[in-house]
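Structure first, commentary second.
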Amino acid sequence: MSDTIRLDPSDTVVTATRALEVGVTVEDTQTRALIPSGHKIATQAHTPGDVVRKYAQIIGYASEAIAPGDHVHTHNVDFRNTDAAYEFGTDLRAVTPASGDTFMGFQRESGAVGTRNYIAVLTSVNCSATAARMIADHFTPERLAEFPNVDGVVAYVHGTGCGMAGDGEGFEALQRVMWGYARHPNHGAVLMVGLGCEMNQIDWLLEAYGLKQGPTFQTMNIQGVAGLRKTIEMGIAKVEAMLPEANKFSRTPCPASALKVALQCGGSDAWSGITANPALGYATDLLVAQGGTGVLAETPEIYGAEHLLTRRAADQATGDKLVGLIRWWEDYTHRNKGSMDNNPSPGNKAGGLTTILEKSLGAAAKGGTTPLTGVYKYAEPVTAAGFTFMDSPGYDPASVTGQIAGGCNLVCFTTGRGSAFGSKPAPTIKLATNTAMFTRMTEDMDINAGDMLTGGVSLEDKGREIYEMFLRVASGEMSKSEAQGLGDYEFVPWQIGATM
């Protein structure tokens, strides 16, 4: 393996594949500083204001003179808001349809297909969180032993639902999350638990979305039942009655087109956009060819790369929706006295990512190469097949909550620094971007994409490996995060607007 990687002939930097000392020859120059693994080295001179280019795209601007061989990072690179001239539908690549791939899933009456079969205890407000947890905690593996088709009883609790406006973006987003989880195909039955006086009334949700109570869908309020203890007892009784109904579902062969995969990344490093994200993109292309759906999210983390996605928009209306999200986020960060460049975390920067522009260019690679067929609000039902995008913050638990509410029945999560993320009811597959981290955190990582660098594994072979794991985990194989019990605390609806 070479000491450096050049991603495009037009780039003004290369990336170090290992830590380099001063004086190491890099292309036609020598390093002038210690270069950590994954960090950038200038291969040409930059004067203040010159563009710094990687992936054949602008990732920042020189804030001071940069000589060939210099370390290029936050100390000498500035961020500027994007000012792209958007093109729409100019990079549409034909999808060659494929069919025949299947997984063993749970077919629901709605026509949707689940990859898991949980019973959900879903809260409307923080005030009912303790009741929901106590109801779910009652159902130990021993108590569920006679219901082998039920994967568990899960409490979805959160810190909002009151002290908020009864309309507007925040309220509507929370209602979409609740509806999405109440009707998620990975749930065989649902119990909704509220307090009774909260702003986020369960009855309003039922009326707005046409939800009807029945053997596998029940609601209750603590105030109406007359207290916490009685609510817990009644909730346990309701779930006990649901268990035989949920257990009637069993796995049957289902087409790969029924899969909706949330495309996620967290704890990214410089290798994310070189190994794991492009490999996940290739797997997404394979899924799309089968008629399935990939859902990219985290709008702040495609900032600076959105012009590449508008070129893939199936039509101008779809591209305009994406540009509209970008403008909303620019305004949102401005009025909250932030910057779009606040997104890269200290861990991202330690891993070699300098600006949000650089991070976004790598993150967008998770979406593969097929046309962008739909753009959705946070937690909105994803109805288009193919490669789609959902608005969300870059905060992983909130972002994945929206994707699952939108119908994703599987999550694939790339990480370079290492992540302990997991999710329910949709299981998370985790991809390591580098071999060193995969070796260090082997109990947490499902697939090592680092061997694309260290082992010469091709993009196509790694993408195929990821896609085949989609099918296995969708069929019931436990991912490593799932086996460790992650997912009970990662339900985090995005709070938009004032808390009053």
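By order in the structure tokens, chains are A, B, ...; within a chain, residues start at 1; ligands start at 1, following the order shown.
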Counting only C-alpha atoms, give me one row per residue of range 319-364 of chain A with an atom at most 9 Å from an atom of range 263-267 of chain A, showing the shortest contact pair and its distance in Å to one decimal, sorted by chain then residue number, as CSV.
```
residue,atom,partner,partner_atom,distance
A:Ser345,CA,A:Gly267,CA,8.1
A:Gly347,CA,A:Gly267,CA,6.5
A:Asn348,CA,A:Gly267,CA,6.2
A:Gly351,CA,A:Gly267,CA,8.8
A:Ala363,CA,A:Cys265,CA,7.2
```
Output C-alpha atoms for every residue in the selection just made, as a PDB file, in the first residue's frame.
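Written output follows (out.pdb):
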```pdb
ATOM      1  CA  SER A 345     -17.106  16.772  15.533  1.00  0.00           C
ATOM      2  CA  GLY A 347     -13.533  13.057  16.489  1.00  0.00           C
ATOM      3  CA  ASN A 348     -14.192  13.758  12.804  1.00  0.00           C
ATOM      4  CA  GLY A 351      -9.743  11.451  11.930  1.00  0.00           C
ATOM      5  CA  ALA A 363     -21.043  10.968   3.203  1.00  0.00           C
TER       6      ALA A 363
END
```
**OP:** Tell me which protein, DNA and RNA residues are within 8 Å of Gly114 in chain A, counting only C-alpha atoms, leaving out same-chain ones fewer than 6 positions away, and put them as a PyMOL selection string.
**Re:** chain A and resi 105-108+184-187+409
So that I can check the surroundings of range 139-146 of chain A, please list as a PDB file with C-alpha atoms, in the first residue's frame every protein, DNA and RNA residue that reaches within 10 Å of it, counting only C-alpha atoms and ignoring chain neighbours fewer than 5 positions away.
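Written output follows (part.pdb):
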```pdb
ATOM      1  CA  MET A 134     -41.938  -0.858  33.332  1.00  0.00           C
ATOM      2  CA  ASP A 151     -38.556 -10.679  18.981  1.00  0.00           C
ATOM      3  CA  GLY A 152     -39.332  -8.753  22.149  1.00  0.00           C
ATOM      4  CA  VAL A 153     -41.383  -5.996  23.773  1.00  0.00           C
ATOM      5  CA  VAL A 154     -39.759  -2.573  23.284  1.00  0.00           C
ATOM      6  CA  ILE A 236     -48.977  -5.639  31.005  1.00  0.00           C
ATOM      7  CA  VAL A 239     -49.493  -6.804  25.951  1.00  0.00           C
ATOM      8  CA  GLU A 240     -50.157 -10.306  27.279  1.00  0.00           C
ATOM      9  CA  LEU A 243     -48.592 -11.770  22.348  1.00  0.00           C
ATOM     10  CA  PRO A 244     -50.579 -14.682  20.848  1.00  0.00           C
ATOM     11  CA  ASN A 247     -46.870 -14.732  17.450  1.00  0.00           C
TER      12      ASN A 247
END
```
**OP:** Rank A:Ala62, A:Ala270, A:Ile326, A:Leu486 by their smallest atom-to-atom distance to Ala16 in chain A, using only C-alpha atoms, and report the top residue only.
**Re:** A:Ala270
Original post:
Excluding same-chain residues fewer than 3 positions from range 162-175 of chain A, what lies within 6 Å of it counting only C-alpha atoms, as an MDAnalysis selection string?
Top reply: chainID A and resid 178 198:199 496:497 499:500
For the residues in the current selection, export C-alpha atoms as an mmCIF file, in the first residue's frame.
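This is the output file result25.cif:
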```cif
data_model
loop_
_atom_site.group_PDB
_atom_site.id
_atom_site.type_symbol
_atom_site.label_atom_id
_atom_site.label_comp_id
_atom_site.auth_asym_id
_atom_site.auth_seq_id
_atom_site.Cartn_x
_atom_site.Cartn_y
_atom_site.Cartn_z
ATOM 1 C CA MET A 178 -45.515 8.371 16.268
ATOM 2 C CA GLU A 198 -50.151 16.625 27.216
ATOM 3 C CA MET A 199 -50.039 18.727 24.077
ATOM 4 C CA ILE A 496 -37.831 21.457 16.263
ATOM 5 C CA GLY A 497 -38.949 24.762 17.709
ATOM 6 C CA THR A 499 -39.844 24.443 24.371
ATOM 7 C CA MET A 500 -42.418 26.500 26.254
#
```
Original post:
To one decimal place, how far is CA of Ala45 in chain A from CA of Thr12 in chain A in Å?
Top reply: 8.5 Å
**OP:** Check the DSSP output for the backbone and give back, as a ChimeraX atom specification, the residues of range 50-159 of chain A in strand (DSSP E or B).
**Re:** /A:51-54,57-62,66,71-72,77-78,102-107,113-114,118-123,152-156
Please, could you write that set of residues out with C-alpha atoms as a PDB file, in the first residue's frame?
```
ATOM      1  CA  VAL A  51      -9.376  26.550  -3.257  1.00  0.00           C
ATOM      2  CA  VAL A  52      -8.357  23.281  -1.619  1.00  0.00           C
ATOM      3  CA  ARG A  53      -9.606  20.399  -3.726  1.00  0.00           C
ATOM      4  CA  LYS A  54     -10.311  16.727  -2.900  1.00  0.00           C
ATOM      5  CA  GLN A  57     -14.447  19.111  -5.467  1.00  0.00           C
ATOM      6  CA  ILE A  58     -13.846  22.162  -3.263  1.00  0.00           C
ATOM      7  CA  ILE A  59     -13.432  21.229   0.413  1.00  0.00           C
ATOM      8  CA  GLY A  60     -12.274  24.658   1.630  1.00  0.00           C
ATOM      9  CA  TYR A  61     -10.066  27.675   1.041  1.00  0.00           C
ATOM     10  CA  ALA A  62      -6.497  28.295   2.142  1.00  0.00           C
ATOM     11  CA  ILE A  66       0.379  26.493   2.117  1.00  0.00           C
ATOM     12  CA  HIS A  71      -0.129  19.351   6.577  1.00  0.00           C
ATOM     13  CA  VAL A  72      -3.523  20.627   5.339  1.00  0.00           C
ATOM     14  CA  VAL A  77      -8.179  25.871   5.719  1.00  0.00           C
ATOM     15  CA  ASP A  78     -11.325  28.035   5.922  1.00  0.00           C
ATOM     16  CA  THR A 102     -35.277 -12.812  -1.506  1.00  0.00           C
ATOM     17  CA  PHE A 103     -35.130 -12.735   2.283  1.00  0.00           C
ATOM     18  CA  MET A 104     -37.268 -14.287   4.986  1.00  0.00           C
ATOM     19  CA  GLY A 105     -39.545 -11.543   6.283  1.00  0.00           C
ATOM     20  CA  PHE A 106     -42.856 -10.890   8.020  1.00  0.00           C
ATOM     21  CA  GLN A 107     -45.596 -10.107   5.524  1.00  0.00           C
ATOM     22  CA  VAL A 113     -42.729  -6.404   5.016  1.00  0.00           C
ATOM     23  CA  GLY A 114     -41.015  -6.549   8.391  1.00  0.00           C
ATOM     24  CA  TYR A 118     -41.604  -6.686  18.003  1.00  0.00           C
ATOM     25  CA  ILE A 119     -44.431  -5.479  20.216  1.00  0.00           C
ATOM     26  CA  ALA A 120     -44.054  -1.711  20.707  1.00  0.00           C
ATOM     27  CA  VAL A 121     -44.952   0.303  23.800  1.00  0.00           C
ATOM     28  CA  LEU A 122     -44.974   3.813  22.348  1.00  0.00           C
ATOM     29  CA  THR A 123     -45.208   6.971  24.467  1.00  0.00           C
ATOM     30  CA  GLY A 152     -39.332  -8.753  22.149  1.00  0.00           C
ATOM     31  CA  VAL A 153     -41.383  -5.996  23.773  1.00  0.00           C
ATOM     32  CA  VAL A 154     -39.759  -2.573  23.284  1.00  0.00           C
ATOM     33  CA  ALA A 155     -40.516   0.755  24.980  1.00  0.00           C
ATOM     34  CA  TYR A 156     -40.062   3.834  22.793  1.00  0.00           C
TER      35      TYR A 156
END
```
**OP:** Give the answer as one residue: which of A:Val150, A:Val177, A:Val13, A:Met340 has the shortest atom-to-atom distance to Arg251 in chain A, using only C-alpha atoms?
**Re:** A:Val150
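Using only C-alpha atoms, the contacts of Leu205 in chain A at a cut-off of 10 Å, with sequence neighbours closer than 4 positions omitted, comprise Ser124, Gln175, Arg176, Met178, Trp179, Asn200, Gln201, Tyr209, Gly210 and Leu211 of chain A.
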Same residues, C-alpha atoms, saved as a compact mmCIF listing (two decimals), in the first residue's frame:
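Okay, part08.txt is ready:
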```txt
# COMPACT_ATOMS: atom_id res chain seq x y z
CA SER A 124 -46.83 10.26 23.50
CA GLN A 175 -46.85 13.16 15.04
CA ARG A 176 -45.22 11.67 11.92
CA MET A 178 -45.51 8.37 16.27
CA TRP A 179 -47.57 7.35 13.24
CA ASN A 200 -49.32 15.66 21.93
CA GLN A 201 -52.71 14.00 22.40
CA TYR A 209 -54.09 9.36 10.62
CA GLY A 210 -57.20 7.19 10.77
CA LEU A 211 -55.77 4.72 13.29
```
Determine which residues of range 209-305 of chain A DSSP labels as helix (DSSP H, G or I) from the backbone of this structure, then write them out as an mmCIF file with C-alpha atoms, in the first residue's frame.
```cif
data_model
loop_
_atom_site.group_PDB
_atom_site.id
_atom_site.type_symbol
_atom_site.label_atom_id
_atom_site.label_comp_id
_atom_site.auth_asym_id
_atom_site.auth_seq_id
_atom_site.Cartn_x
_atom_site.Cartn_y
_atom_site.Cartn_z
ATOM 1 C CA TYR A 209 -54.086 9.357 10.623
ATOM 2 C CA ILE A 222 -52.319 7.331 32.942
ATOM 3 C CA GLN A 223 -54.884 9.894 34.104
ATOM 4 C CA GLY A 224 -57.756 7.933 32.581
ATOM 5 C CA VAL A 225 -56.622 4.636 34.081
ATOM 6 C CA LEU A 228 -49.076 4.811 37.429
ATOM 7 C CA ARG A 229 -49.446 1.429 39.158
ATOM 8 C CA LYS A 230 -52.797 0.672 37.539
ATOM 9 C CA THR A 231 -51.467 1.821 34.151
ATOM 10 C CA ILE A 232 -48.525 -0.566 34.387
ATOM 11 C CA GLU A 233 -50.798 -3.445 35.402
ATOM 12 C CA MET A 234 -53.281 -2.706 32.626
ATOM 13 C CA GLY A 235 -50.462 -2.269 30.094
ATOM 14 C CA ILE A 236 -48.977 -5.639 31.005
ATOM 15 C CA ALA A 237 -52.396 -7.248 30.603
ATOM 16 C CA LYS A 238 -52.889 -5.625 27.197
ATOM 17 C CA VAL A 239 -49.493 -6.804 25.951
ATOM 18 C CA GLU A 240 -50.157 -10.306 27.279
ATOM 19 C CA ALA A 241 -53.315 -10.372 25.166
ATOM 20 C CA MET A 242 -51.341 -9.149 22.124
ATOM 21 C CA LEU A 243 -48.592 -11.770 22.348
ATOM 22 C CA PRO A 244 -50.579 -14.682 20.848
ATOM 23 C CA GLU A 245 -51.709 -12.401 18.005
ATOM 24 C CA ALA A 246 -48.194 -11.176 17.234
ATOM 25 C CA ASN A 247 -46.870 -14.732 17.450
ATOM 26 C CA ALA A 256 -35.561 -7.877 -1.893
ATOM 27 C CA SER A 257 -37.669 -5.040 -3.297
ATOM 28 C CA ALA A 258 -39.445 -4.938 0.105
ATOM 29 C CA ALA A 276 -17.055 2.119 3.596
ATOM 30 C CA ASN A 277 -19.293 4.837 2.136
ATOM 31 C CA PRO A 278 -18.576 4.042 -1.541
ATOM 32 C CA ALA A 279 -18.926 0.324 -0.759
ATOM 33 C CA LEU A 280 -22.293 0.964 0.879
ATOM 34 C CA GLY A 281 -23.187 3.019 -2.184
ATOM 35 C CA TYR A 282 -22.425 0.021 -4.400
ATOM 36 C CA ALA A 283 -24.622 -2.169 -2.159
ATOM 37 C CA THR A 284 -27.367 0.463 -2.460
ATOM 38 C CA ASP A 285 -27.119 0.266 -6.242
ATOM 39 C CA LEU A 286 -27.555 -3.530 -6.050
ATOM 40 C CA LEU A 287 -30.616 -3.075 -3.830
ATOM 41 C CA VAL A 288 -32.121 -0.442 -6.134
ATOM 42 C CA ALA A 289 -31.652 -2.776 -9.103
ATOM 43 C CA THR A 299 -29.069 17.154 5.562
ATOM 44 C CA PRO A 300 -26.175 19.045 7.227
ATOM 45 C CA GLU A 301 -23.919 16.175 6.168
#
```
